[in-house]
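Undergrad: Pasting a structure here, questions to come.
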Amino acid sequence: MLRFKIEKTGAPVWLRSLIPVLALLLTFFITSGLIIWGQANPIRAYYYLLIAPLSTRVSALEVLVKSTPLILSGVAVTFAFVAGYYNIGAEGQLYAGAIAAAWLGTVLGGLPPALTIPIMLLGGFIAGALWALPPALLRVKLAVDEVVTTLLLNSVMLFIVSALLNGPWRSPVSGWPQSPEIAPSTMLPKLVPHSRLHLGFVVAVLSVVVLWFVLSRTAFGLKMRAAGLGREAARFAGVNVGRTMLIAALISGGIAGVIGVSEVAGIHFHLIEEISPGYGYTGIIIATLGTLNAWGVAVAALFFGLIDTGAQTLSRAMGVPIYLGEVTQATMLLVTLAMLLLQNYRIRRA
Amino acid sequence: MDIVQMRGITKRFGPVLANDHIDFSLREGEIHALLGENGAGKTTLMRILYGLYRADEGEILVRGWPARINSPKDAIALGIGMVTQHFALVPPLTVAENVVLGFTDGFALDRAAIERKVAEAAERFGLEVDPSAVVRHLSVGQRQRVEILKALYREAQVLILDEPTAVLVPQEIDALFKTLERLRAQGLSVIFITHKLEEVMRISDRVTVLRDGRVIGTVETQKTNERELARMMVGRETFGVHREERAVGEQPVLRVERICANDDQGLPALKEVSLVVHSGEVLGIAGVGGNGQKELAEVLTGMRRPTAGRVVVDGKDMTGATPAEFTAAGVGRIPEDRHAGVVSELTVAENMALEYLEEFTRRGVLDREAIWKHAEELIQRFQIKARPTDRARTLSGGNLQKLILARVLSRDPKVVIASQPTRGLDVGATEYVRQQLLEQRARGAAVLLISEDLDEILALSDRIAVMYEGEIVGMLPAQEADPERLGLMMSGAVKERQEAYAEV
């Protein structure tokens, strides 16, 4: 009988650099099965999913629109994860920012945009950070697992939003659970006329640059990385791990809050319950796929934006359920994680 | 008659020879102590007998027949049970459930029936436990009893206990010994791993002493004494001390006053420890591992808050200060676990700068050039085989230790706290580290050396303190120290008067 043993050795460099490509191919191979099951041609399906959105200007811009919250969410999650703080609460922090935007948008009407927009962004940041504060304090002071608390607070926030929209903020005009429309001077300006692409995209790109700069060029970034990669060793070397984690958690929550501003003031112009289809959770996937690296996060987010856009085109053109996009994203995560793990091993004949 | 015979057992871990052709035999109905310092190979040998490791060479005979023991399952089938230092109990389950776990027949579990069976067994072996109690609510001593019951329930005729008293309070130890005596009377054979001489004398019929992976001898307990055992356990010749004698400085730089601290479990680990280290002096702390050395080092490096007492560095109260404050006060800290002192996924250069980050930062932005230059300088000065951009985890143990030495000693600290600085290093690296510590002494630093390696303590120290169960049980000038005397103190057999504190 043949016997095999598993050895722990790093994969060669050429294989390492090929891993994203291999992961992509494997993902498509796996999801093709589902498409064939749904009685569609996988090659055509992938054309609609990946190529068609980039073939026209309008849909290409739409990819950027869809990527905006995803980039911000990936950056927000990365800020926390790098410091070893597992913030699963970006979704709730996003809604905290959205509430702030919906409120500020109705009270700042008289001011010029040059003033209102910075206030909106800052307000959303502060709201998100405040919502991230209690679990961060519990984690740092009492060692309460942040994964549980941040996750549970997401549900709490959704109920708060629901209460607001069905109570004081219910639209007096339509009676729908949506807040009053924000003032025009507080809306994020369009980057390209006749498209939905708005200033939020620029903010998202800036957040990537800030993430890169903080992590690789600042003392605080080094402390964050040290705390995340080796908590005890960092503490031994004099890093105040608790404070570092706390600040990272607040920045993370703040950036998640900015997503809320970007969506309310850039796309919807009022608060509704369905403002996020789970951007805060997708950010975790994006941060992971981007290996907690600023550029990696940007690429992963753009790719997810492409798939989100393509899934709509695909379902219109071929009648394939729109969920194929999410299935592809999830499969991609699992395949990539498996490959990142397995690349450290090789099977040999014993 | 020998119930277990181990012949020529050899076990290597990489380059380390943990067991070197060990012969060991256990008679039926005896309590056989396996004595040795940490790392002597006691636990490795017993893990081989219990099927947790496989020997590279040698054979095992059980009741005269060659036995193949590839897993604990095989060992249990042969009637061998082991209680490890870390209990393998499931806390939310009851005692009875834990005892029968993995030893039940059929699918359904009849709670009342198993509790009855376990109660019967407990009664028969004279082990006082409540079968329906939830393990989570039991004390450590009670949990140990459950572990013993578990082994006996599986019809063990040979019981291996790995340092069973390490976690017990004296009353529990008495109870354990009574139990063992009763079980011996019922015909059980016991292997008792320990490094405490007093326990060997009290409970065992025979003793086998291991040192550096080899058997030094097997003796009848009645025909030996603690002195002889201590010599067998640690008795190496002191090797040449290449240390220039010089008068110890007058200046008390590090002063520890009646420090108390708890361990991770919240139990007292340090009991009113007091010491003084002068400039230009190496104070060695000897002792078997787990007697409070780790906690002492942690208190003196800012990693653990003492519950009482004072730490004074150069006249400044540093009690409960943070690691950064210790660094700023001129305390160079060499951690017990190298990997706990270096962030292995960061680069060499980043690790070298981490302790003094303000110096390499301008308005929050890293001065990458300065970090790089600093690293290159230290790499050259301390002969580290690494590039500044290498991740720390790629370094060998010796180079990693040099990285830590470089980070600490390049700052000319007033006090050096070195915890097990040469553990696991090869001869060359060991030599290098010791040389560096002596250079610090020559420079006038106060060096506190905590080590389980007696050779190291004897070679480097001007004065030697011995720790046992969280206390300093003796303090003597290096000239008066010899392995035998230290060995007795380390095993808790002798307490010297602590007159050494009185001075200064």
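In the structure tokens, chains take the letters A, B, ... in the order shown, each chain's residues start at 1, and ligands count up from 1 in the order shown.
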For a quick test of understanding: name the residues of chain A lying within 9 Å of chain B when counting only C-alpha atoms, and present them as an NGL selection string.

TA: :A and (214 or 216-220 or 222-223 or 225-227 or 229-240)

Undergrad: Neighbouring residues of Val205 (chain A) were defined as those with any atom within 12 Å, considering only C-alpha atoms; residues of the same chain fewer than 3 positions away were excluded. Please report them as a PDB file with N, CA and C atoms, in the first residue's frame.

TA:
ATOM      1  N   LEU A  64     -17.503  51.087  -9.756  1.00  0.00           N
ATOM      2  CA  LEU A  64     -16.842  51.931  -8.749  1.00  0.00           C
ATOM      3  C   LEU A  64     -17.821  52.340  -7.655  1.00  0.00           C
ATOM      4  N   SER A  67     -18.171  49.525  -5.431  1.00  0.00           N
ATOM      5  CA  SER A  67     -16.926  49.254  -4.697  1.00  0.00           C
ATOM      6  C   SER A  67     -16.732  50.206  -3.525  1.00  0.00           C
ATOM      7  N   THR A  68     -17.313  51.411  -3.617  1.00  0.00           N
ATOM      8  CA  THR A  68     -17.037  52.438  -2.608  1.00  0.00           C
ATOM      9  C   THR A  68     -17.261  51.943  -1.174  1.00  0.00           C
ATOM     10  N   PRO A  69     -18.469  51.446  -0.846  1.00  0.00           N
ATOM     11  CA  PRO A  69     -18.635  50.971   0.544  1.00  0.00           C
ATOM     12  C   PRO A  69     -17.762  49.766   0.853  1.00  0.00           C
ATOM     13  N   LEU A  70     -17.493  48.961  -0.179  1.00  0.00           N
ATOM     14  CA  LEU A  70     -16.697  47.756   0.062  1.00  0.00           C
ATOM     15  C   LEU A  70     -15.250  48.112   0.395  1.00  0.00           C
ATOM     16  N   ILE A  71     -14.700  49.095  -0.311  1.00  0.00           N
ATOM     17  CA  ILE A  71     -13.328  49.534  -0.017  1.00  0.00           C
ATOM     18  C   ILE A  71     -13.261  50.058   1.414  1.00  0.00           C
ATOM     19  N   LEU A  72     -14.198  50.956   1.747  1.00  0.00           N
ATOM     20  CA  LEU A  72     -14.190  51.543   3.085  1.00  0.00           C
ATOM     21  C   LEU A  72     -14.344  50.465   4.152  1.00  0.00           C
ATOM     22  N   SER A  73     -15.214  49.509   3.875  1.00  0.00           N
ATOM     23  CA  SER A  73     -15.449  48.461   4.864  1.00  0.00           C
ATOM     24  C   SER A  73     -14.203  47.594   5.035  1.00  0.00           C
ATOM     25  N   GLY A  74     -13.556  47.261   3.919  1.00  0.00           N
ATOM     26  CA  GLY A  74     -12.325  46.477   3.990  1.00  0.00           C
ATOM     27  C   GLY A  74     -11.259  47.220   4.781  1.00  0.00           C
ATOM     28  N   VAL A  75     -11.146  48.530   4.539  1.00  0.00           N
ATOM     29  CA  VAL A  75     -10.156  49.337   5.263  1.00  0.00           C
ATOM     30  C   VAL A  75     -10.501  49.391   6.747  1.00  0.00           C
ATOM     31  N   LEU A 199     -18.601  61.616  -4.354  1.00  0.00           N
ATOM     32  CA  LEU A 199     -17.381  61.941  -3.623  1.00  0.00           C
ATOM     33  C   LEU A 199     -16.937  60.818  -2.683  1.00  0.00           C
ATOM     34  N   GLY A 200     -17.869  59.983  -2.270  1.00  0.00           N
ATOM     35  CA  GLY A 200     -17.538  58.888  -1.374  1.00  0.00           C
ATOM     36  C   GLY A 200     -16.431  58.005  -1.931  1.00  0.00           C
ATOM     37  N   PHE A 201     -16.390  57.876  -3.261  1.00  0.00           N
ATOM     38  CA  PHE A 201     -15.347  57.040  -3.861  1.00  0.00           C
ATOM     39  C   PHE A 201     -13.961  57.624  -3.588  1.00  0.00           C
ATOM     40  N   VAL A 202     -13.866  58.966  -3.673  1.00  0.00           N
ATOM     41  CA  VAL A 202     -12.585  59.621  -3.390  1.00  0.00           C
ATOM     42  C   VAL A 202     -12.189  59.382  -1.933  1.00  0.00           C
ATOM     43  N   VAL A 208      -7.686  54.155   1.686  1.00  0.00           N
ATOM     44  CA  VAL A 208      -6.695  53.130   1.363  1.00  0.00           C
ATOM     45  C   VAL A 208      -5.284  53.700   1.543  1.00  0.00           C
ATOM     46  N   VAL A 209      -5.091  54.922   1.043  1.00  0.00           N
ATOM     47  CA  VAL A 209      -3.774  55.547   1.148  1.00  0.00           C
ATOM     48  C   VAL A 209      -3.418  55.774   2.622  1.00  0.00           C
ATOM     49  N   VAL A 210      -4.402  56.238   3.386  1.00  0.00           N
ATOM     50  CA  VAL A 210      -4.157  56.463   4.814  1.00  0.00           C
ATOM     51  C   VAL A 210      -3.793  55.152   5.506  1.00  0.00           C
ATOM     52  N   LEU A 211      -4.527  54.096   5.177  1.00  0.00           N
ATOM     53  CA  LEU A 211      -4.243  52.790   5.771  1.00  0.00           C
ATOM     54  C   LEU A 211      -2.807  52.370   5.473  1.00  0.00           C
ATOM     55  N   TRP A 212      -2.441  52.504   4.189  1.00  0.00           N
ATOM     56  CA  TRP A 212      -1.070  52.126   3.807  1.00  0.00           C
ATOM     57  C   TRP A 212      -0.047  52.950   4.580  1.00  0.00           C
ATOM     58  N   ALA A 294      -3.098  47.164   2.498  1.00  0.00           N
ATOM     59  CA  ALA A 294      -3.928  48.234   1.935  1.00  0.00           C
ATOM     60  C   ALA A 294      -4.244  47.995   0.459  1.00  0.00           C
ATOM     61  N   TRP A 295      -3.221  47.717  -0.344  1.00  0.00           N
ATOM     62  CA  TRP A 295      -3.465  47.547  -1.789  1.00  0.00           C
ATOM     63  C   TRP A 295      -4.250  46.274  -2.042  1.00  0.00           C
ATOM     64  N   VAL A 297      -6.461  44.997  -0.105  1.00  0.00           N
ATOM     65  CA  VAL A 297      -7.846  45.282   0.252  1.00  0.00           C
ATOM     66  C   VAL A 297      -8.522  46.033  -0.890  1.00  0.00           C
ATOM     67  N   ALA A 298      -7.813  47.012  -1.477  1.00  0.00           N
ATOM     68  CA  ALA A 298      -8.395  47.791  -2.569  1.00  0.00           C
ATOM     69  C   ALA A 298      -8.737  46.887  -3.751  1.00  0.00           C
ATOM     70  N   VAL A 299      -7.803  46.016  -4.118  1.00  0.00           N
ATOM     71  CA  VAL A 299      -8.039  45.130  -5.263  1.00  0.00           C
ATOM     72  C   VAL A 299      -9.209  44.194  -4.976  1.00  0.00           C
ATOM     73  N   ALA A 301     -11.685  44.637  -2.952  1.00  0.00           N
ATOM     74  CA  ALA A 301     -12.951  45.370  -2.914  1.00  0.00           C
ATOM     75  C   ALA A 301     -13.430  45.699  -4.320  1.00  0.00           C
ATOM     76  N   LEU A 302     -12.507  46.131  -5.203  1.00  0.00           N
ATOM     77  CA  LEU A 302     -12.885  46.434  -6.584  1.00  0.00           C
ATOM     78  C   LEU A 302     -13.412  45.177  -7.273  1.00  0.00           C
TER      79      LEU A 302
END

Undergrad: For Leu333 (chain A), work out the shell of residues within 10 Å, counting only C-alpha atoms and skipping chain neighbours fewer than 2 positions away, then give it as a PyMOL selection string.

TA: chain A and resi 23-24+27+285-286+288-289+327-331+335-339

Undergrad: Generate the output file for the selected residues, all heavy atoms, as a short mmCIF file (atom, residue, chain, number, x, y, z; two decimals), in the first residue's frame.

TA:
data_model
loop_
_atom_site.label_atom_id
_atom_site.label_comp_id
_atom_site.auth_asym_id
_atom_site.auth_seq_id
_atom_site.Cartn_x
_atom_site.Cartn_y
_atom_site.Cartn_z
N ALA A 23 -6.55 30.47 -7.18
CA ALA A 23 -7.77 30.55 -6.38
C ALA A 23 -8.95 30.97 -7.25
O ALA A 23 -10.05 30.43 -7.16
CB ALA A 23 -7.58 31.51 -5.22
N LEU A 24 -8.68 31.96 -8.10
CA LEU A 24 -9.72 32.46 -9.00
C LEU A 24 -10.22 31.35 -9.91
O LEU A 24 -11.43 31.11 -10.04
CB LEU A 24 -9.11 33.60 -9.82
CG LEU A 24 -10.06 34.62 -10.40
CD1 LEU A 24 -10.82 35.30 -9.27
CD2 LEU A 24 -9.29 35.65 -11.21
N THR A 27 -12.16 28.75 -8.03
CA THR A 27 -13.48 29.27 -7.66
C THR A 27 -14.45 29.15 -8.83
O THR A 27 -15.58 28.69 -8.68
CB THR A 27 -13.36 30.75 -7.25
OG1 THR A 27 -12.44 30.83 -6.17
CG2 THR A 27 -14.70 31.29 -6.82
N ILE A 285 -14.50 39.74 4.74
CA ILE A 285 -14.02 38.87 3.67
C ILE A 285 -12.96 39.60 2.84
O ILE A 285 -11.91 39.05 2.51
CB ILE A 285 -15.19 38.42 2.77
CG1 ILE A 285 -16.25 37.74 3.61
CG2 ILE A 285 -14.70 37.53 1.65
CD1 ILE A 285 -17.46 37.29 2.84
N ILE A 286 -13.24 40.86 2.54
CA ILE A 286 -12.32 41.64 1.70
C ILE A 286 -10.98 41.83 2.42
O ILE A 286 -9.92 41.67 1.82
CB ILE A 286 -12.96 42.99 1.33
CG1 ILE A 286 -14.10 42.73 0.34
CG2 ILE A 286 -11.94 43.95 0.75
CD1 ILE A 286 -14.99 43.92 0.12
N THR A 288 -9.71 39.94 4.64
CA THR A 288 -9.01 38.65 4.68
C THR A 288 -8.38 38.33 3.33
O THR A 288 -7.22 37.94 3.25
CB THR A 288 -9.99 37.53 5.09
OG1 THR A 288 -10.69 37.95 6.25
CG2 THR A 288 -9.26 36.24 5.36
N LEU A 289 -9.18 38.49 2.26
CA LEU A 289 -8.64 38.21 0.92
C LEU A 289 -7.49 39.15 0.60
O LEU A 289 -6.53 38.77 -0.07
CB LEU A 289 -9.74 38.37 -0.14
CG LEU A 289 -10.75 37.24 -0.22
CD1 LEU A 289 -11.81 37.55 -1.26
CD2 LEU A 289 -10.07 35.93 -0.56
N VAL A 327 -22.51 33.81 -3.95
CA VAL A 327 -21.95 32.46 -3.88
C VAL A 327 -20.50 32.47 -4.37
O VAL A 327 -19.62 31.87 -3.77
CB VAL A 327 -22.82 31.48 -4.69
CG1 VAL A 327 -22.12 30.14 -4.81
CG2 VAL A 327 -24.18 31.32 -4.06
N THR A 328 -20.27 33.19 -5.46
CA THR A 328 -18.91 33.27 -6.01
C THR A 328 -17.96 33.91 -4.99
O THR A 328 -16.84 33.43 -4.77
CB THR A 328 -18.90 34.12 -7.30
OG1 THR A 328 -19.90 33.59 -8.17
CG2 THR A 328 -17.55 34.07 -7.98
N GLN A 329 -18.43 34.99 -4.35
CA GLN A 329 -17.57 35.68 -3.37
C GLN A 329 -17.23 34.76 -2.21
O GLN A 329 -16.08 34.66 -1.78
CB GLN A 329 -18.27 36.94 -2.86
CG GLN A 329 -18.38 38.02 -3.93
CD GLN A 329 -19.24 39.18 -3.47
OE1 GLN A 329 -19.87 39.14 -2.43
NE2 GLN A 329 -19.26 40.23 -4.29
N ALA A 330 -18.26 34.05 -1.73
CA ALA A 330 -18.05 33.19 -0.57
C ALA A 330 -17.12 32.02 -0.93
O ALA A 330 -16.21 31.68 -0.17
CB ALA A 330 -19.39 32.66 -0.06
N THR A 331 -17.36 31.44 -2.11
CA THR A 331 -16.51 30.33 -2.55
C THR A 331 -15.07 30.79 -2.66
O THR A 331 -14.13 30.12 -2.25
CB THR A 331 -16.99 29.81 -3.92
OG1 THR A 331 -18.38 29.58 -3.86
CG2 THR A 331 -16.28 28.52 -4.29
N VAL A 335 -11.90 29.13 -0.84
CA VAL A 335 -10.81 28.57 -1.65
C VAL A 335 -9.49 29.27 -1.30
O VAL A 335 -8.46 28.62 -1.10
CB VAL A 335 -11.13 28.73 -3.15
CG1 VAL A 335 -9.90 28.43 -3.99
CG2 VAL A 335 -12.27 27.81 -3.54
N THR A 336 -9.54 30.60 -1.19
CA THR A 336 -8.30 31.33 -0.91
C THR A 336 -7.75 30.98 0.47
O THR A 336 -6.56 30.74 0.63
CB THR A 336 -8.54 32.86 -0.99
OG1 THR A 336 -9.20 33.12 -2.22
CG2 THR A 336 -7.25 33.61 -0.94
N LEU A 337 -8.65 30.94 1.45
CA LEU A 337 -8.20 30.59 2.80
C LEU A 337 -7.57 29.20 2.81
O LEU A 337 -6.51 28.99 3.39
CB LEU A 337 -9.35 30.64 3.80
CG LEU A 337 -9.83 32.02 4.20
CD1 LEU A 337 -10.97 31.92 5.21
CD2 LEU A 337 -8.68 32.84 4.78
N ALA A 338 -8.23 28.26 2.13
CA ALA A 338 -7.70 26.90 2.09
C ALA A 338 -6.33 26.90 1.43
O ALA A 338 -5.40 26.25 1.90
CB ALA A 338 -8.66 25.99 1.34
N MET A 339 -6.18 27.68 0.36
CA MET A 339 -4.90 27.67 -0.34
C MET A 339 -3.82 28.35 0.49
O MET A 339 -2.67 27.91 0.50
CB MET A 339 -5.05 28.36 -1.70
CG MET A 339 -5.91 27.53 -2.64
SD MET A 339 -5.96 28.18 -4.30
CE MET A 339 -4.52 27.43 -4.99
#

Undergrad: Once DSSP has gone over the backbone, tell me which residues of region 133-328 of chain B are in helix (DSSP H, G or I), as an MDAnalysis selection string.

TA: chainID B and resid 135:137 140:153 170:185 197:203 221:223 226:234 293:301 323:328

Undergrad: Have a look at CA of Arg387 (chain B) and CA of Ala370 (chain B) and let me know their distance in Å, one decimal.

TA: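 Separation between CA of Arg387 (chain B) and CA of Ala370 (chain B): 15.0 Å.
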
Undergrad: Enumerate as a PyMOL selection string all residues of region 24-198 of chain B assigned to strand (DSSP E or B) by DSSP on the backbone, naming them with the chain letters and numbers the document uses.

TA: chain B and resi 24-27+31-35+57-62+65-67+80-83+94+134+158-162+189-194

Undergrad: Neighbours of Leu314 (chain A) within 7 Å (only C-alpha atoms; same-chain residues fewer than 6 positions away dropped), as a list in words?

TA: Ala45, Tyr48, Leu49 and Val320 of chain A

Undergrad: Go through B:Asp263, B:Asp314, B:Glu163, B:Glu30 and flag the residue nearest Arg182 (chain B), using only C-alpha atoms for the distances.

TA: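 When distances to Arg182 (chain B) are compared using only C-alpha atoms, the smallest one comes from B:Glu30.
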
Undergrad: Taking only C-alpha atoms into account, name the residue in B:Arg214, B:Arg184, B:Arg116, B:Arg206 that is nearest to Asp23 (chain B).

TA: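 Comparing B:Arg214, B:Arg184, B:Arg116, B:Arg206 against Asp23 (chain B), the winner is B:Arg214.
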
Undergrad: Could you list, as a PDB file with N, CA and C atoms, in the first residue's frame, every residue within 6 Å of Ser461 (chain B), counting only C-alpha atoms and ignoring same-chain residues fewer than 3 positions away?

TA:
ATOM      1  N   VAL B 282      27.028  40.018  39.752  1.00  0.00           N
ATOM      2  CA  VAL B 282      26.017  39.110  39.215  1.00  0.00           C
ATOM      3  C   VAL B 282      25.413  38.369  40.390  1.00  0.00           C
ATOM      4  N   LEU B 283      24.091  38.539  40.562  1.00  0.00           N
ATOM      5  CA  LEU B 283      23.397  37.746  41.570  1.00  0.00           C
ATOM      6  C   LEU B 283      22.666  36.630  40.838  1.00  0.00           C
ATOM      7  N   GLY B 284      23.027  35.395  41.145  1.00  0.00           N
ATOM      8  CA  GLY B 284      22.392  34.261  40.484  1.00  0.00           C
ATOM      9  C   GLY B 284      21.226  33.753  41.299  1.00  0.00           C
ATOM     10  N   ILE B 457      24.891  29.239  36.788  1.00  0.00           N
ATOM     11  CA  ILE B 457      24.824  30.021  38.023  1.00  0.00           C
ATOM     12  C   ILE B 457      26.207  30.062  38.678  1.00  0.00           C
ATOM     13  N   LEU B 458      26.844  28.879  38.781  1.00  0.00           N
ATOM     14  CA  LEU B 458      28.135  28.815  39.461  1.00  0.00           C
ATOM     15  C   LEU B 458      29.221  29.535  38.677  1.00  0.00           C
TER      16      LEU B 458
END

Undergrad: Which residue is closest to Arg27 (chain B)? Choose from B:Ile203, B:Val190, B:Leu454, B:Val83 and count only C-alpha atoms.

TA: B:Val190

Undergrad: Determine the nearest neighbour of Gln222 (chain B) from the options B:Lys150, B:Gly102, B:Arg202, B:Val299, counting only C-alpha atoms.

TA: B:Arg202
